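One file, final05.cif, is given below (mmCIF, C-alpha atoms).
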```cif
data_start
loop_
_atom_site.label_atom_id
_atom_site.label_comp_id
_atom_site.auth_asym_id
_atom_site.auth_seq_id
_atom_site.Cartn_x
_atom_site.Cartn_y
_atom_site.Cartn_z
CA MET I 132 -42.69 56.16 3.47
CA GLU I 133 -40.46 54.53 0.85
CA LEU I 134 -41.48 51.02 -0.16
CA SER I 135 -39.02 48.22 0.50
CA THR I 136 -37.72 46.25 -2.46
CA THR I 137 -39.86 43.24 -1.62
CA GLU I 138 -42.98 45.42 -1.59
CA SER I 139 -42.18 47.49 -4.67
CA SER I 140 -44.30 47.21 -7.79
CA SER I 141 -43.75 44.36 -10.23
CA ARG I 142 -41.93 45.10 -13.46
CA TYR I 143 -44.82 43.42 -15.25
CA HIS I 144 -48.29 44.89 -15.71
CA ASP I 145 -51.76 43.65 -16.64
CA LEU I 146 -50.91 40.10 -15.67
CA GLU I 147 -54.52 39.05 -16.13
CA ASN I 148 -54.22 39.85 -19.85
CA MET I 149 -51.19 37.61 -20.39
CA SER I 150 -51.50 34.17 -21.93
CA THR I 151 -50.42 31.15 -19.87
CA ARG I 152 -47.25 30.94 -21.97
CA GLU I 153 -46.44 34.60 -21.32
CA LEU I 154 -46.99 34.19 -17.60
CA LEU I 155 -44.71 31.16 -17.43
CA LEU I 156 -41.96 32.70 -19.56
CA ASN I 157 -41.94 35.91 -17.55
CA MET I 158 -41.90 34.12 -14.20
CA ASN I 159 -39.05 31.95 -15.42
CA LYS I 160 -37.18 35.03 -16.62
CA GLU I 161 -37.45 36.54 -13.13
CA ASP I 162 -36.48 33.30 -11.40
CA GLN I 163 -33.24 33.18 -13.35
CA THR I 164 -32.06 36.32 -11.55
CA VAL I 165 -32.11 34.64 -8.14
CA PRO I 166 -28.89 32.58 -8.35
CA LEU I 167 -27.07 35.64 -9.65
CA ALA I 168 -28.16 37.63 -6.60
CA ILE I 169 -26.98 34.82 -4.33
CA ALA I 170 -23.60 34.70 -6.08
CA GLY I 171 -22.98 38.22 -4.83
CA VAL I 172 -23.32 37.23 -1.18
CA ILE I 173 -21.23 34.04 -1.14
CA PRO I 174 -18.65 35.64 1.21
CA GLU I 175 -21.39 36.42 3.74
CA ILE I 176 -22.75 32.87 3.54
CA GLU I 177 -19.23 31.51 3.95
CA ARG I 178 -18.61 33.49 7.13
CA LEU I 179 -21.84 32.28 8.69
CA VAL I 180 -21.20 28.64 7.74
CA GLU I 181 -17.72 28.76 9.28
CA GLU I 182 -19.11 30.09 12.56
CA ILE I 183 -21.86 27.47 12.67
CA VAL I 184 -19.38 24.65 12.04
CA LEU I 185 -17.21 25.86 14.91
CA LYS I 186 -20.19 25.89 17.26
CA MET I 187 -21.53 22.52 16.13
CA ASN I 188 -18.13 20.90 16.51
CA ALA I 189 -18.28 22.13 20.11
CA GLY I 190 -21.66 20.47 20.66
CA GLY I 191 -23.98 23.22 19.47
CA ARG I 192 -27.19 23.12 17.47
CA LEU I 193 -28.57 25.19 14.61
CA PHE I 194 -31.95 26.91 14.90
CA TYR I 195 -33.98 28.55 12.15
CA THR I 196 -36.68 31.01 13.16
CA GLY I 197 -39.20 32.61 10.84
CA ALA I 198 -42.84 33.35 10.07
CA GLY I 199 -45.09 32.38 7.17
CA THR I 200 -43.28 31.12 4.09
CA SER I 201 -39.91 31.92 5.62
CA GLY I 202 -40.69 29.86 8.72
CA ARG I 203 -41.92 26.95 6.65
CA LEU I 204 -38.77 26.95 4.56
CA GLY I 205 -36.67 26.73 7.72
CA ILE I 206 -38.74 23.82 9.01
CA VAL I 207 -38.40 21.98 5.69
CA ASP I 208 -34.62 22.40 5.65
CA ALA I 209 -34.26 21.30 9.27
CA SER I 210 -36.51 18.27 8.80
CA GLU I 211 -34.40 17.00 5.89
CA CYS I 212 -31.13 16.89 7.83
CA PRO I 213 -31.74 13.69 9.84
CA PRO I 214 -32.81 11.48 6.91
CA THR I 215 -30.20 12.91 4.54
CA TYR I 216 -27.19 12.98 6.86
CA GLY I 217 -28.10 10.65 9.70
CA VAL I 218 -27.85 13.37 12.34
CA PRO I 219 -30.18 13.26 15.35
CA HIS I 220 -33.47 15.12 15.36
CA GLY I 221 -32.86 18.28 17.34
CA LEU I 222 -29.46 19.08 15.86
CA VAL I 223 -31.06 21.37 13.29
CA VAL I 224 -34.40 22.82 14.40
CA GLY I 225 -36.95 24.95 12.57
CA ILE I 226 -39.29 27.16 14.60
CA MET I 227 -42.00 29.42 13.25
CA ALA I 228 -44.37 32.04 14.58
CA GLY I 229 -47.65 30.44 15.60
CA GLY I 230 -46.16 27.02 16.28
CA ASP I 231 -46.73 23.78 14.40
CA GLN I 232 -50.31 24.68 13.55
CA ALA I 233 -48.98 27.57 11.46
CA ILE I 234 -47.17 25.18 9.12
CA ARG I 235 -50.43 24.49 7.29
CA LYS I 236 -52.60 27.45 8.21
CA ALA I 237 -51.61 31.03 8.96
CA VAL I 238 -52.00 32.13 12.58
CA GLU I 239 -53.15 35.74 12.67
CA PHE I 240 -50.72 38.30 14.13
CA ALA I 241 -48.34 35.58 15.40
CA GLU I 242 -45.41 37.24 13.64
CA ASP I 243 -46.09 40.59 15.32
CA ASP I 244 -45.06 39.45 18.81
CA ALA I 245 -41.47 40.61 19.29
CA ALA I 246 -41.00 38.63 22.52
CA GLN I 247 -42.41 35.27 21.46
CA GLY I 248 -39.56 34.24 19.16
CA TRP I 249 -37.06 34.16 22.02
CA LYS I 250 -39.58 32.46 24.31
CA ASP I 251 -39.98 29.71 21.70
CA LEU I 252 -36.22 29.26 21.49
CA LEU I 253 -35.97 29.01 25.28
CA GLU I 254 -38.25 25.96 25.13
CA TYR I 255 -35.21 24.17 23.67
CA LYS I 256 -32.90 25.26 26.50
CA ILE I 257 -30.91 27.23 23.96
CA ASN I 258 -27.39 28.27 25.02
CA GLU I 259 -24.21 29.97 23.83
CA LYS I 260 -23.06 26.85 21.94
CA ASP I 261 -26.03 27.19 19.57
CA SER I 262 -26.54 29.25 16.42
CA VAL I 263 -29.72 31.05 15.30
CA ILE I 264 -30.63 32.11 11.77
CA GLY I 265 -33.58 34.44 11.36
CA ILE I 266 -35.43 34.12 8.05
CA ALA I 267 -37.63 36.97 6.82
CA ALA I 268 -37.93 38.26 3.28
CA SER I 269 -38.87 41.74 4.49
CA GLY I 270 -36.29 41.76 7.27
CA ARG I 271 -38.74 43.47 9.57
CA THR I 272 -40.77 40.65 11.15
CA PRO I 273 -40.94 41.41 14.91
CA TYR I 274 -41.08 37.74 15.94
CA VAL I 275 -37.81 37.05 14.10
CA ILE I 276 -36.01 40.27 14.99
CA GLY I 277 -36.78 39.79 18.69
CA ALA I 278 -35.47 36.22 18.62
CA VAL I 279 -32.24 37.17 16.88
CA GLU I 280 -31.64 40.22 19.09
CA GLN I 281 -31.99 38.16 22.24
CA ALA I 282 -29.91 35.30 20.86
CA ARG I 283 -27.08 37.69 20.04
CA ALA I 284 -27.36 39.37 23.43
CA HIS I 285 -26.96 35.96 25.06
CA GLY I 286 -23.77 35.19 23.13
CA LEU I 287 -25.09 32.95 20.39
CA VAL I 288 -23.94 33.06 16.78
CA THR I 289 -26.67 34.88 14.86
CA GLY I 290 -27.31 35.12 11.13
CA CYS I 291 -30.22 36.01 8.92
CA ILE I 292 -31.53 35.60 5.38
CA VAL I 293 -33.37 38.67 4.12
CA CYS I 294 -34.30 40.07 0.71
CA ASN I 295 -34.16 43.79 1.49
CA ALA I 296 -31.06 45.88 2.10
CA GLY I 297 -30.52 47.60 5.44
CA SER I 298 -33.32 45.89 7.34
CA GLY I 299 -33.86 45.70 11.08
CA LEU I 300 -33.18 41.97 11.05
CA ALA I 301 -29.87 42.45 9.24
CA ARG I 302 -28.84 44.99 11.86
CA ALA I 303 -29.80 42.58 14.64
CA ALA I 304 -27.76 39.66 13.27
CA GLU I 305 -24.00 39.36 13.57
CA PHE I 306 -23.73 37.62 10.19
CA PRO I 307 -26.47 38.97 7.91
CA ILE I 308 -27.11 37.61 4.43
CA GLU I 309 -28.99 40.09 2.25
CA VAL I 310 -30.13 38.58 -1.05
CA VAL I 311 -31.89 41.44 -2.82
CA VAL I 312 -33.76 39.80 -5.70
CA GLY I 313 -35.86 42.82 -6.68
CA PRO I 314 -39.62 43.21 -7.09
CA GLU I 315 -41.74 40.07 -7.26
CA PHE I 316 -43.61 39.05 -10.41
CA VAL I 317 -46.82 39.47 -8.44
CA THR I 318 -46.23 42.58 -6.34
CA GLY I 319 -45.36 41.69 -2.75
CA SER I 320 -45.69 37.91 -3.22
CA THR I 321 -42.46 36.99 -1.46
CA ARG I 322 -43.11 33.27 -1.68
CA MET I 323 -41.83 33.64 -5.25
CA LYS I 324 -38.30 34.97 -5.89
CA SER I 325 -37.63 35.80 -2.25
CA GLY I 326 -38.77 32.36 -1.16
CA THR I 327 -36.64 30.75 -3.85
CA ALA I 328 -33.61 32.75 -2.71
CA GLN I 329 -34.16 31.76 0.91
CA LYS I 330 -34.54 28.09 -0.03
CA LEU I 331 -31.34 28.11 -2.07
CA VAL I 332 -29.36 29.80 0.70
CA LEU I 333 -30.72 27.37 3.29
CA ASN I 334 -29.68 24.47 1.04
CA MET I 335 -26.20 25.95 0.80
CA ILE I 336 -25.86 26.52 4.54
CA SER I 337 -27.09 23.15 5.77
CA THR I 338 -25.32 21.16 3.05
CA SER I 339 -22.02 22.97 3.57
CA VAL I 340 -22.28 22.53 7.34
CA MET I 341 -23.01 18.81 7.04
CA ILE I 342 -20.13 18.26 4.63
CA ARG I 343 -17.78 20.16 6.95
CA LEU I 344 -19.00 17.99 9.84
CA GLY I 345 -17.96 14.89 7.91
CA LYS I 346 -21.42 13.65 6.95
CA VAL I 347 -20.49 13.15 3.28
CA ARG I 348 -17.80 10.88 1.85
CA GLY I 349 -16.67 11.75 -1.65
CA ASN I 350 -20.00 13.00 -2.92
CA LYS I 351 -22.21 10.42 -1.22
CA MET I 352 -24.70 10.61 1.67
CA VAL I 353 -23.06 7.75 3.53
CA ASP I 354 -24.97 8.38 6.78
CA MET I 355 -28.46 8.68 5.27
CA GLN I 356 -31.31 6.94 7.04
CA LEU I 357 -32.48 3.83 5.18
CA SER I 358 -36.14 4.66 5.63
CA ASN I 359 -37.61 3.38 2.38
CA ALA I 360 -36.93 1.00 -0.50
CA LYS I 361 -35.49 3.72 -2.73
CA LEU I 362 -32.90 4.72 -0.13
CA ILE I 363 -31.96 1.13 0.60
CA GLU I 364 -31.41 0.60 -3.11
CA ARG I 365 -29.32 3.76 -3.28
CA GLY I 366 -27.26 2.56 -0.34
CA ILE I 367 -26.61 -0.79 -1.98
CA ASN I 368 -25.47 0.90 -5.17
CA MET I 369 -23.16 3.20 -3.21
CA ILE I 370 -21.52 0.23 -1.51
CA MET I 371 -21.18 -1.62 -4.83
CA GLU I 372 -19.45 1.39 -6.38
CA GLU I 373 -17.16 2.06 -3.42
CA LEU I 374 -16.07 -1.54 -2.80
CA ARG I 375 -16.43 -2.87 -6.35
CA ILE I 376 -18.54 -5.82 -5.24
CA ASP I 377 -21.74 -7.37 -6.57
CA TYR I 378 -25.31 -6.52 -5.59
CA ALA I 379 -25.86 -9.51 -3.31
CA GLU I 380 -22.74 -8.85 -1.25
CA ALA I 381 -23.46 -5.13 -1.00
CA SER I 382 -27.01 -5.87 0.13
CA ARG I 383 -25.73 -8.28 2.79
CA LEU I 384 -23.22 -5.74 4.09
CA LEU I 385 -25.82 -2.99 4.29
CA LYS I 386 -28.26 -5.24 6.14
CA THR I 387 -25.54 -6.36 8.56
CA HIS I 388 -24.06 -2.94 9.35
CA GLY I 389 -27.09 -0.66 8.98
CA SER I 390 -25.47 2.21 7.08
CA VAL I 391 -23.34 2.80 4.03
CA ARG I 392 -20.51 4.27 6.11
CA ALA I 393 -20.45 1.36 8.56
CA ALA I 394 -20.56 -1.21 5.76
CA VAL I 395 -17.72 0.38 3.84
CA ASN I 396 -15.63 0.93 6.96
CA ALA I 397 -16.09 -2.68 8.05
CA VAL I 398 -14.60 -3.95 4.80
CA LYS I 399 -11.84 -1.35 4.45
CA VAL I 400 -10.69 -1.64 8.05
CA GLY I 401 -10.75 -5.43 7.90
CA SER I 402 -8.91 -5.65 4.60
#
```
Entire entry expressed as structure tokens:
Amino acid sequence: MELSTTESSSRYHDLENMSTRELLLNMNKEDQTVPLAIAGVIPEIERLVEEIVLKMNAGGRLFYTGAGTSGRLGIVDASECPPTYGVPHGLVVGIMAGGDQAIRKAVEFAEDDAAQGWKDLLEYKINEKDSVIGIAASGRTPYVIGAVEQARAHGLVTGCIVCNAGSGLARAAEFPIEVVVGPEFVTGSTRMKSGTAQKLVLNMISTSVMIRLGKVRGNKMVDMQLSNAKLIERGINMIMEELRIDYAEASRLLKTHGSVRAAVNAVKVGS
């Protein structure tokens, strides 16, 4: 049986004999190849983003489903959308094999259940307005493939992020994204380059979707949740810059209106 790219042997040998400097330089050298691999699949990412935007404008949600590192990356990306863009929790949802307990500790064989991924999605009353992205470096995780197959069969937009070419998950998804980054520095350790590739693509998808949904003005996160002192300070500075007013007035406006967008709109509409 031919090894997949993600399982193929590292280009580097005798790692235990390398100095710390050599290890770091070689890992960094490999990491630099990841953005170049992503650049080659921009058209595929674009097609998926456009479909998701259409569905979300019609009231749909975006679901990520994965296992292990891939599942955790989806959960991280989903969890950042509400504070960054002010969208409700539940608009972007990350689900992983084994449930919430698997976020911190691996749940044995959870990813091998081909039926459970769809069952987990059904807990959210998923419907044809929603979109599902399966995340799996190998592209052969049964939990993820099963979820994407069923989602597509039920009329949902389906995409995937994989790091092997011609995988079962890519065949299951309507809009596959195959970022083939090559062998890992440590053979088979897909939390490295593959994980980096998945994280970058997830950043690109969610950020592009939120911008297209109008959650950014200029280049600013005008709908961000003001959940700590740093973000409140950032909001004040954004209002100062946009309206060309002093700190005290910007602070008053933010406190009165509760968001950067509302504060700026209140002044611009009233002027």
- Item | Selection: 9 Å around stretch 271-277 of chain I, all atoms listed in the file, excl. self and same-chain fewer than 3 positions, as a PyMOL selection string | chain I and resi 196-198+227-228+241-249+265-268+280-282+298-301+303-304
Would you put the residues from that selection into a file with C-alpha atoms, as a short mmCIF file (atom, residue, chain, number, x, y, z; two decimals), keeping the file's coordinate frame?
```
data_model
loop_
_atom_site.label_atom_id
_atom_site.label_comp_id
_atom_site.auth_asym_id
_atom_site.auth_seq_id
_atom_site.Cartn_x
_atom_site.Cartn_y
_atom_site.Cartn_z
CA THR I 196 -36.68 31.01 13.16
CA GLY I 197 -39.20 32.61 10.84
CA ALA I 198 -42.84 33.35 10.07
CA MET I 227 -42.00 29.42 13.25
CA ALA I 228 -44.37 32.04 14.58
CA ALA I 241 -48.34 35.58 15.40
CA GLU I 242 -45.41 37.24 13.64
CA ASP I 243 -46.09 40.59 15.32
CA ASP I 244 -45.06 39.45 18.81
CA ALA I 245 -41.47 40.61 19.29
CA ALA I 246 -41.00 38.63 22.52
CA GLN I 247 -42.41 35.27 21.46
CA GLY I 248 -39.56 34.24 19.16
CA TRP I 249 -37.06 34.16 22.02
CA GLY I 265 -33.58 34.44 11.36
CA ILE I 266 -35.43 34.12 8.05
CA ALA I 267 -37.63 36.97 6.82
CA ALA I 268 -37.93 38.26 3.28
CA GLU I 280 -31.64 40.22 19.09
CA GLN I 281 -31.99 38.16 22.24
CA ALA I 282 -29.91 35.30 20.86
CA SER I 298 -33.32 45.89 7.34
CA GLY I 299 -33.86 45.70 11.08
CA LEU I 300 -33.18 41.97 11.05
CA ALA I 301 -29.87 42.45 9.24
CA ALA I 303 -29.80 42.58 14.64
CA ALA I 304 -27.76 39.66 13.27
#
```
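The interatomic distance for the pair atom CA of I:Pro166 and atom CA of I:Val184 works out to 23.9 Å.
Omitting stretch 342-348 of chain I and its sequence neighbours fewer than 4 positions away, and counting all atoms listed in the file, the residues within 8 Å are Val184, Asn188, Tyr216, Gly217, Thr338, Met352, Val353 and Asp354 of chain I.
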- Message: At a cut-off of 12 Å around the point (-28.0, 3.7, 0.2) (file coordinates), what residues fall inside when counting only C-alpha atoms? I'd like the answer as a ChimeraX atom specification.
- Response: /I:214-217,351-373,381-382,384-386,388-395
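The shell of residues at most 9 Å from I:Gly297, with all atoms listed in the file counted and near chain neighbours (fewer than 5 positions) removed, consists of I:Gly270, I:Arg302, I:Glu309.
Minimum atom-to-atom distance to I:Leu193, evaluated using all atoms listed in the file, belongs to I:Tyr255 out of I:Phe316, I:Tyr378, I:Tyr255, I:Phe240.
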- Could you spell out the hits of the PyMOL selection byres ((chain I and resi 324-337) around 9) on the shown file, as a PyMOL selection string? chain I and resi 137+161-162+164-166+168-169+176-177+179-180+200-201+204-205+208-209+212+223+266-268+292-294+308+310-316+320-323+338-342
Write a file of the just-selected residues containing C-alpha atoms, as a compact mmCIF listing (two decimals), in the frame of the given file.
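Written output follows (again18.txt):
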```txt
# COMPACT_ATOMS: atom_id res chain seq x y z
CA THR I 137 -39.86 43.24 -1.62
CA GLU I 161 -37.45 36.54 -13.13
CA ASP I 162 -36.48 33.30 -11.40
CA THR I 164 -32.06 36.32 -11.55
CA VAL I 165 -32.11 34.64 -8.14
CA PRO I 166 -28.89 32.58 -8.35
CA ALA I 168 -28.16 37.63 -6.60
CA ILE I 169 -26.98 34.82 -4.33
CA ILE I 176 -22.75 32.87 3.54
CA GLU I 177 -19.23 31.51 3.95
CA LEU I 179 -21.84 32.28 8.69
CA VAL I 180 -21.20 28.64 7.74
CA THR I 200 -43.28 31.12 4.09
CA SER I 201 -39.91 31.92 5.62
CA LEU I 204 -38.77 26.95 4.56
CA GLY I 205 -36.67 26.73 7.72
CA ASP I 208 -34.62 22.40 5.65
CA ALA I 209 -34.26 21.30 9.27
CA CYS I 212 -31.13 16.89 7.83
CA VAL I 223 -31.06 21.37 13.29
CA ILE I 266 -35.43 34.12 8.05
CA ALA I 267 -37.63 36.97 6.82
CA ALA I 268 -37.93 38.26 3.28
CA ILE I 292 -31.53 35.60 5.38
CA VAL I 293 -33.37 38.67 4.12
CA CYS I 294 -34.30 40.07 0.71
CA ILE I 308 -27.11 37.61 4.43
CA VAL I 310 -30.13 38.58 -1.05
CA VAL I 311 -31.89 41.44 -2.82
CA VAL I 312 -33.76 39.80 -5.70
CA GLY I 313 -35.86 42.82 -6.68
CA PRO I 314 -39.62 43.21 -7.09
CA GLU I 315 -41.74 40.07 -7.26
CA PHE I 316 -43.61 39.05 -10.41
CA SER I 320 -45.69 37.91 -3.22
CA THR I 321 -42.46 36.99 -1.46
CA ARG I 322 -43.11 33.27 -1.68
CA MET I 323 -41.83 33.64 -5.25
CA THR I 338 -25.32 21.16 3.05
CA SER I 339 -22.02 22.97 3.57
CA VAL I 340 -22.28 22.53 7.34
CA MET I 341 -23.01 18.81 7.04
CA ILE I 342 -20.13 18.26 4.63
```
